[in-house]
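*Asks:* Below is one structure. I have some questions about it.
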Amino acid sequence: MTDPVWRPSADLATLRLRAELLARARVFFTARGVLEVETPMLSAATITEPNLASFGTVYSGPGPRYGRTLYLHTSPEFPMKRLLAAGSGCIYQIARVFRDGEAGRRHNPEFTLLEWYRVGFDHHRMMDEVAELATALLAGRWALAEPERLSYRELFQRHLGLDPHRASVAELAARAEARGVPIPSGMPLDDTDPWLDLLLTHCIESRLGAGRLTFVYDYPASQAALARLRPGDPPVGERFELYLNGIELANGFHELGDAGEQRRRFDQENTARRALGLPVMPVDDNLLAALAAGLPDCAGVALGFDRLVMLAAGKTTLAEVMAFPFERA
Amino acid sequence: MATYSTNEFKSGLKIMLDGDPYAIVENEFVKPGKGQAFNRVKVRNLKTGRTIERTFKSGDTAEGADVVDVELQYLYNDGEYWHFMDQQSYEQSTADAAAVGDAAKWLKEEAICQVTLWNGVPLSVAPPNFVIMTIVETDPGVRGDTSGGGGKPATLETGAVVRVPLFVQNGEVIKVDTRTGEYVSRVKE
């Protein structure tokens with residue numbers, strides 16, 4: 001990296017591969033009758049999740065939004081659901097998205113999401129299609145074994161011998177300590193999710209997807225995000241994640257269509273934000289109205305396109321597959 | 001001292017952990033897409049040299065450590081402490097055995113050393129990369145051997161022992177690389 005900063009950090013062969021994979025993704029969806037759409041990057045409302053930070057900017061031109069704060073989207077999920085509710089049928093988008101505060105070898109604050117929605121699919125059928133797409137895009141570069149699927153519970157049972165739905169903070173902390181995980185200060189005593197994330201990132205993630213696509217599904221209800229809940233003991237969020245070679249590649253949901261439940265989650269997230277000293281975010285009323293009008297039963301997924309290119313190219317950092325990463329932008 | 005957010009972490013940054021000064025060796029940002037972000041860091045204890053792993057919740061802070069590297073001249077050893085002087089300010093600093101460590105055997109009076117100060121007190125001492133010293137004891141070499149192959153131990157004026165070629169004699173002055181502890185050459189005075 002002694003290159004002058006004006007130069008791209010990715011080599012030309014990788015940029016060609018990137019273009020080829022984009023073209024192949026479009027062929028994949030066109031062949032399946034999934035419509036390519038574009039939705040606004042800049043919106044009056046944004047996501048409320050405490051673990052995601054939106055970039056904001058102020059509009060100063062004519063019109064009713066004069067002087068208003070607008071947010072760069074962290075994913076195109078909300079407007080895509082409005083299209084679905086308006087009868088678009090299956091849709092996909094290749095979108096540049098923005099997340100403040102996320103930079104590292106595997107994170108760039110601006111990156112490309114390949115996001116798509118399939119009407120009539122649940123999260124398991126969506127996992128089938130994600131595997132087909134990933135296999136198609138990695139063909140000739142990775143000899144992958146059959147994909148595997150593990151529930152979030154099986155994942156923690158297999159790797160740590162504990163039940164993530166029932167373990168207490170004390171049990172999770174003890175297991176982390178026993179595994180030699182350096183415990184950060186300020187970990188909450190009343191919320192198991194950060195502890196589960198600590199164990200996942202330190203003890204499990206690097207072992208996931210060794211030579212095969214590994215899907216993790218059915219997350220704790222508290223980590224359901226925008227997934228629908230399936231009642232049970234305990235209830236779980238019908239959400240999944242895809243890993244390959246220790247890298248998180250995609251996150252998908254059997255989409256929540258209940259406007260009332262969605263509003264409750266937004267409000268809960270904003271309450272959590274307030275408790276953490278984070279700014280409260282404007283809730284997307286257009287999304288709620290679309291859900292109230294009726295979202296078709298569907299599944300959706302967002303795949304980190306840059307990370308997929310990174311794996312296809314045999315690289316280890318996002319900077320190697322982006323023309324100009326954050327530091328050079 | 002300043003406090004640093006994990007967002008300001010980078011290798012080389014000096015921070016305080018459990019009352020000891022550390023230098024960040026590696027800093028990795030990890031975050032599950034929908035979950036808590038962490039900074040996994042490798043840090044080196046500047047007192048012991050040991051490297052350990054630590055994890056911070058992203059956005060948390062650590063107190064900065066007042067650690068600076070300065071060039072000081074070695075003056076003398078009083079039997080317990082090593083005394084150094086800043087050649088600009090003439091201010092003197094005293095280092096204990098823990099700070100001087102292995103550097104002790106290379107310290108010759110007037111040598112310019114790199115000293116790491118923590119809150120103004122020497123934390124570690126690095127001798128010059130090369131020192132010139134007189135041999136005070138070595139066996140007579142084998143006559144006729146000029147190749148330097150094989151070698152023999154020689155004790156220097158500071159007590160350090162290095163391997164020298166067989167032709168090098170008692171009372172000669174030699175140049176030594178302190179990083180490897182190896183003989184470099186003879187020096188004509």
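Each chain in the structure tokens gets a letter, A, B and so on, in the order shown; residues start at 1 in every chain, and ligands are counted from 1 in the order they appear.
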Can you tell me, as a VMD selection string, what residues are no more than 12 Å from Leu318 in chain A when counting only C-alpha atoms, ignoring any on the same chain fewer than 5 positions away?
*Replies:* chain A and resid 9 to 10 14 18 103 to 112 247 304 to 313 323 to 327
*Asks:* Take the selection from the previous step and output its residues with N, CA and C atoms, as an mmCIF file, in the first residue's frame.
*Replies:*
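Final output, saved to again.cif:
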data_model
loop_
_atom_site.group_PDB
_atom_site.id
_atom_site.type_symbol
_atom_site.label_atom_id
_atom_site.label_comp_id
_atom_site.auth_asym_id
_atom_site.auth_seq_id
_atom_site.Cartn_x
_atom_site.Cartn_y
_atom_site.Cartn_z
ATOM 1 N N SER A 9 -7.172 1.284 -5.209
ATOM 2 C CA SER A 9 -6.552 0.270 -4.359
ATOM 3 C C SER A 9 -6.823 -1.139 -4.886
ATOM 4 N N ALA A 10 -7.779 -1.270 -5.814
ATOM 5 C CA ALA A 10 -8.029 -2.574 -6.440
ATOM 6 C C ALA A 10 -7.282 -2.627 -7.763
ATOM 7 N N THR A 14 -9.201 -7.284 -10.840
ATOM 8 C CA THR A 14 -10.278 -7.407 -9.856
ATOM 9 C C THR A 14 -11.466 -6.540 -10.256
ATOM 10 N N ARG A 18 -15.208 -7.771 -10.906
ATOM 11 C CA ARG A 18 -16.340 -7.102 -10.258
ATOM 12 C C ARG A 18 -17.429 -6.789 -11.289
ATOM 13 N N ALA A 103 -15.885 0.966 9.632
ATOM 14 C CA ALA A 103 -14.716 0.935 8.753
ATOM 15 C C ALA A 103 -13.709 -0.059 9.292
ATOM 16 N N GLY A 104 -13.160 -0.850 8.407
ATOM 17 C CA GLY A 104 -12.177 -1.858 8.797
ATOM 18 C C GLY A 104 -11.835 -2.684 7.578
ATOM 19 N N ARG A 105 -11.145 -3.782 7.798
ATOM 20 C CA ARG A 105 -10.752 -4.627 6.665
ATOM 21 C C ARG A 105 -11.968 -5.144 5.901
ATOM 22 N N ARG A 106 -13.052 -5.421 6.658
ATOM 23 C CA ARG A 106 -14.244 -6.017 6.041
ATOM 24 C C ARG A 106 -15.429 -5.071 6.058
ATOM 25 N N HIS A 107 -15.167 -3.803 6.376
ATOM 26 C CA HIS A 107 -16.244 -2.811 6.412
ATOM 27 C C HIS A 107 -15.774 -1.552 5.701
ATOM 28 N N ASN A 108 -16.648 -0.972 4.902
ATOM 29 C CA ASN A 108 -16.408 0.341 4.321
ATOM 30 C C ASN A 108 -17.707 1.102 4.538
ATOM 31 N N PRO A 109 -17.633 2.371 4.946
ATOM 32 C CA PRO A 109 -18.878 3.088 5.273
ATOM 33 C C PRO A 109 -19.828 3.206 4.087
ATOM 34 N N GLU A 110 -19.311 3.048 2.886
ATOM 35 C CA GLU A 110 -20.142 3.068 1.679
ATOM 36 C C GLU A 110 -19.872 1.755 0.957
ATOM 37 N N PHE A 111 -20.917 0.996 0.662
ATOM 38 C CA PHE A 111 -20.681 -0.295 0.006
ATOM 39 C C PHE A 111 -21.887 -0.679 -0.836
ATOM 40 N N THR A 112 -21.754 -1.790 -1.539
ATOM 41 C CA THR A 112 -22.792 -2.206 -2.479
ATOM 42 C C THR A 112 -23.576 -3.386 -1.924
ATOM 43 N N ILE A 247 -16.736 -15.283 6.683
ATOM 44 C CA ILE A 247 -17.198 -13.929 6.354
ATOM 45 C C ILE A 247 -18.721 -13.925 6.269
ATOM 46 N N GLY A 304 -23.890 -8.653 0.732
ATOM 47 C CA GLY A 304 -22.777 -7.707 0.605
ATOM 48 C C GLY A 304 -21.973 -8.044 -0.639
ATOM 49 N N PHE A 305 -22.213 -7.244 -1.683
ATOM 50 C CA PHE A 305 -21.620 -7.582 -2.980
ATOM 51 C C PHE A 305 -20.096 -7.469 -2.943
ATOM 52 N N ASP A 306 -19.566 -6.453 -2.259
ATOM 53 C CA ASP A 306 -18.112 -6.271 -2.204
ATOM 54 C C ASP A 306 -17.441 -7.482 -1.541
ATOM 55 N N ARG A 307 -18.075 -7.992 -0.493
ATOM 56 C CA ARG A 307 -17.488 -9.154 0.187
ATOM 57 C C ARG A 307 -17.523 -10.387 -0.714
ATOM 58 N N LEU A 308 -18.584 -10.511 -1.509
ATOM 59 C CA LEU A 308 -18.650 -11.642 -2.431
ATOM 60 C C LEU A 308 -17.536 -11.528 -3.473
ATOM 61 N N VAL A 309 -17.316 -10.321 -3.991
ATOM 62 C CA VAL A 309 -16.222 -10.117 -4.953
ATOM 63 C C VAL A 309 -14.894 -10.448 -4.286
ATOM 64 N N MET A 310 -14.755 -10.013 -3.030
ATOM 65 C CA MET A 310 -13.518 -10.281 -2.282
ATOM 66 C C MET A 310 -13.239 -11.787 -2.216
ATOM 67 N N LEU A 311 -14.274 -12.564 -1.904
ATOM 68 C CA LEU A 311 -14.093 -14.010 -1.821
ATOM 69 C C LEU A 311 -13.822 -14.600 -3.194
ATOM 70 N N ALA A 312 -14.567 -14.120 -4.209
ATOM 71 C CA ALA A 312 -14.377 -14.653 -5.563
ATOM 72 C C ALA A 312 -12.959 -14.367 -6.046
ATOM 73 N N ALA A 313 -12.432 -13.201 -5.690
ATOM 74 C CA ALA A 313 -11.108 -12.793 -6.167
ATOM 75 C C ALA A 313 -9.986 -13.364 -5.304
ATOM 76 N N ALA A 323 -12.538 0.281 -6.128
ATOM 77 C CA ALA A 323 -11.619 1.188 -6.809
ATOM 78 C C ALA A 323 -11.049 2.184 -5.797
ATOM 79 N N PHE A 324 -11.947 2.828 -5.070
ATOM 80 C CA PHE A 324 -11.506 3.825 -4.104
ATOM 81 C C PHE A 324 -12.245 3.635 -2.788
ATOM 82 N N PRO A 325 -11.637 2.923 -1.835
ATOM 83 C CA PRO A 325 -12.279 2.773 -0.520
ATOM 84 C C PRO A 325 -12.286 4.116 0.208
ATOM 85 N N PHE A 326 -12.932 4.103 1.346
ATOM 86 C CA PHE A 326 -13.173 5.310 2.141
ATOM 87 C C PHE A 326 -11.943 6.226 2.274
ATOM 88 N N GLU A 327 -10.779 5.621 2.579
ATOM 89 C CA GLU A 327 -9.577 6.426 2.831
ATOM 90 C C GLU A 327 -9.123 7.153 1.569
#
*Asks:* Can you check which residues of chain A have any atom within 8 Å of chain B? Use only C-alpha atoms and format it as a ChimeraX atom specification.
*Replies:* /A:51-52,101-107,182-187,193-194,197-198,201,223,225,248,251
*Asks:* As a PyMOL selection string, please: every residue in range 19-158 of chain B that a backbone DSSP assignment puts in helix (DSSP H, G or I).
*Replies:* chain B and resi 97-106
*Asks:* I need the chosen residues saved as a short mmCIF file (atom, residue, chain, number, x, y, z; two decimals), in the first residue's frame, with N, CA and C atoms.
*Replies:*
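The result, written out as part12.cif:
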data_model
loop_
_atom_site.label_atom_id
_atom_site.label_comp_id
_atom_site.auth_asym_id
_atom_site.auth_seq_id
_atom_site.Cartn_x
_atom_site.Cartn_y
_atom_site.Cartn_z
N ALA B 97 16.67 -1.22 37.18
CA ALA B 97 17.10 -2.42 36.46
C ALA B 97 15.99 -2.95 35.55
N ALA B 98 14.73 -2.81 36.00
CA ALA B 98 13.62 -3.31 35.18
C ALA B 98 13.55 -2.55 33.86
N ALA B 99 13.81 -1.25 33.90
CA ALA B 99 13.74 -0.44 32.68
C ALA B 99 14.94 -0.71 31.78
N VAL B 100 16.11 -0.85 32.39
CA VAL B 100 17.33 -1.02 31.59
C VAL B 100 17.40 -2.43 31.02
N GLY B 101 17.03 -3.41 31.81
CA GLY B 101 16.97 -4.80 31.34
C GLY B 101 18.26 -5.23 30.67
N ASP B 102 18.13 -5.91 29.52
CA ASP B 102 19.28 -6.46 28.81
C ASP B 102 20.19 -5.39 28.22
N ALA B 103 19.68 -4.15 28.16
CA ALA B 103 20.51 -3.09 27.58
C ALA B 103 21.73 -2.82 28.45
N ALA B 104 21.68 -3.22 29.74
CA ALA B 104 22.74 -2.86 30.69
C ALA B 104 24.13 -3.26 30.17
N LYS B 105 24.21 -4.43 29.55
CA LYS B 105 25.54 -4.92 29.18
C LYS B 105 26.13 -4.16 27.98
N TRP B 106 25.31 -3.31 27.35
CA TRP B 106 25.83 -2.54 26.21
C TRP B 106 26.05 -1.08 26.55
#
*Asks:* Using the chain letters and numbers from this document, which residues of range 90-172 of chain A does DSSP assign to strand (DSSP E), as a list in words?
*Replies:*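 DSSP-assigned strand (DSSP E) residues in range 90-172 of chain A: Ile91, Tyr92, Gln93, Ile94, Ala95, Arg96, Val97, Phe98, Glu110, Phe111, Thr112, Leu113, Leu114, Glu115, Trp116, Tyr117, Arg118, Val119, Ala145, Glu146, Pro147, Glu148, Arg149, Leu150 and Ser151 of chain A.
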*Asks:* Can you measure CA of Leu200 in chain A to CA of Glu241 in chain A for me? One decimal in Å is fine.
*Replies:*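 Value for the CA of Leu200 in chain A-CA of Glu241 in chain A distance: 12.4 Å.
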*Asks:* So that I can see what lies close to Gly150 in chain B, please list as a ChimeraX atom specification the residues with an atom at most 10 Å from it, counting only C-alpha atoms and leaving out residues fewer than 4 positions away in the same chain.
*Replies:* /B:145,163-166
*Asks:* What is the distance between CA of Val70 in chain B and CA of Thr116 in chain B, in Å to one decimal?
*Replies:* 6.3 Å
